[in-house]
Amino acid sequence: MLVLKRKAGESIIVADNIEIKIIEVEEGRIKIGIDAPKEVSIIRKEVLDETKSENKTAAQSRNIDKSALTKMLKNKK
């Protein structure tokens, strides 16, 4: 992991086409701006982690007993 110190108004360039600019620093919080092409997806990590967790939970709750499903389909015929 690369760790850099930046002040308000300073920027970091990623892959020649993404600029991460420090907008404001106050009370232990940092406001950043990201200038990137529209095709670049930008999402907060905690939102992505929560979405992944919810998707995993939903997928697990949809596990179906295959033998019960097979029996149910055979009974419909």
# chains A, B, ... in the order shown; residues from 1 in each chain; ligands from 1

call {"tool": "select_by_dssp", "arguments": {"residues": "chain A", "states": "strand (DSSP E or B)", "output": "list in words"}}
result
Ser11, Ile12, Ile13, Val14, Ile18, Glu19, Ile20, Lys21, Ile22, Ile23, Glu24, Val25, Glu26, Arg29, Ile30, Lys31, Ile32, Gly33, Ile34 and Asp35 of chain A

call {"tool": "write_last_selection", "arguments": {"atoms": "N, CA and C atoms", "output": "short mmCIF file (atom, residue, chain, number, x, y, z; two decimals), in the first residue's frame"}}
result
data_model
loop_
_atom_site.label_atom_id
_atom_site.label_comp_id
_atom_site.auth_asym_id
_atom_site.auth_seq_id
_atom_site.Cartn_x
_atom_site.Cartn_y
_atom_site.Cartn_z
N SER A 11 -3.28 17.21 -5.01
CA SER A 11 -3.91 16.11 -5.74
C SER A 11 -2.98 14.92 -5.89
N ILE A 12 -3.59 13.81 -6.25
CA ILE A 12 -2.88 12.58 -6.62
C ILE A 12 -3.46 12.16 -7.97
N ILE A 13 -2.61 11.76 -8.89
CA ILE A 13 -3.06 11.29 -10.20
C ILE A 13 -2.88 9.77 -10.26
N VAL A 14 -3.93 9.07 -10.69
CA VAL A 14 -3.90 7.61 -10.81
C VAL A 14 -4.13 7.27 -12.28
N ILE A 18 -7.19 9.75 -13.73
CA ILE A 18 -8.01 9.89 -12.52
C ILE A 18 -7.27 10.82 -11.56
N GLU A 19 -7.94 11.89 -11.17
CA GLU A 19 -7.36 12.83 -10.21
C GLU A 19 -8.13 12.76 -8.90
N ILE A 20 -7.41 12.55 -7.82
CA ILE A 20 -8.00 12.56 -6.48
C ILE A 20 -7.47 13.81 -5.80
N LYS A 21 -8.38 14.73 -5.49
CA LYS A 21 -7.99 16.03 -4.94
C LYS A 21 -8.48 16.15 -3.51
N ILE A 22 -7.60 16.61 -2.63
CA ILE A 22 -7.98 16.87 -1.24
C ILE A 22 -8.67 18.24 -1.23
N ILE A 23 -9.94 18.24 -0.90
CA ILE A 23 -10.72 19.48 -0.91
C ILE A 23 -10.63 20.20 0.42
N GLU A 24 -10.78 19.44 1.51
CA GLU A 24 -10.84 20.06 2.84
C GLU A 24 -10.43 19.05 3.90
N VAL A 25 -9.73 19.53 4.91
CA VAL A 25 -9.37 18.71 6.06
C VAL A 25 -9.80 19.46 7.31
N GLU A 26 -10.68 18.83 8.11
CA GLU A 26 -11.11 19.46 9.36
C GLU A 26 -11.63 18.43 10.34
N ARG A 29 -11.59 14.70 9.59
CA ARG A 29 -12.29 14.22 8.39
C ARG A 29 -11.66 14.88 7.17
N ILE A 30 -11.66 14.14 6.08
CA ILE A 30 -11.09 14.64 4.83
C ILE A 30 -12.17 14.62 3.77
N LYS A 31 -12.34 15.73 3.07
CA LYS A 31 -13.27 15.79 1.94
C LYS A 31 -12.41 15.69 0.68
N ILE A 32 -12.74 14.70 -0.17
CA ILE A 32 -11.97 14.52 -1.40
C ILE A 32 -12.88 14.68 -2.60
N GLY A 33 -12.28 15.05 -3.71
CA GLY A 33 -12.97 15.10 -4.99
C GLY A 33 -12.27 14.14 -5.93
N ILE A 34 -13.04 13.46 -6.75
CA ILE A 34 -12.47 12.51 -7.71
C ILE A 34 -12.93 12.89 -9.10
N ASP A 35 -11.97 13.15 -9.96
CA ASP A 35 -12.26 13.47 -11.36
C ASP A 35 -11.80 12.28 -12.18
#

call {"tool": "select_by_dssp", "arguments": {"residues": "range 27-76 of chain A", "states": "helix (DSSP H, G or I)", "output": "list in words"}}
result
Lys45, Glu46, Val47, Leu48, Asp49, Glu50, Thr51, Lys52, Ser53, Glu54, Asn55, Lys56, Thr57, Ala58, Ala59, Gln60, Ser61, Lys66, Ser67, Ala68, Leu69, Thr70, Lys71, Met72, Leu73, Lys74, Asn75 and Lys76 of chain A

call {"tool": "closest_residue", "arguments": {"among": "A:Lys56, A:Glu27, A:Leu2, A:Ala15", "to": "Val40 in chain A", "atoms": "only C-alpha atoms"}}
result
A:Ala15
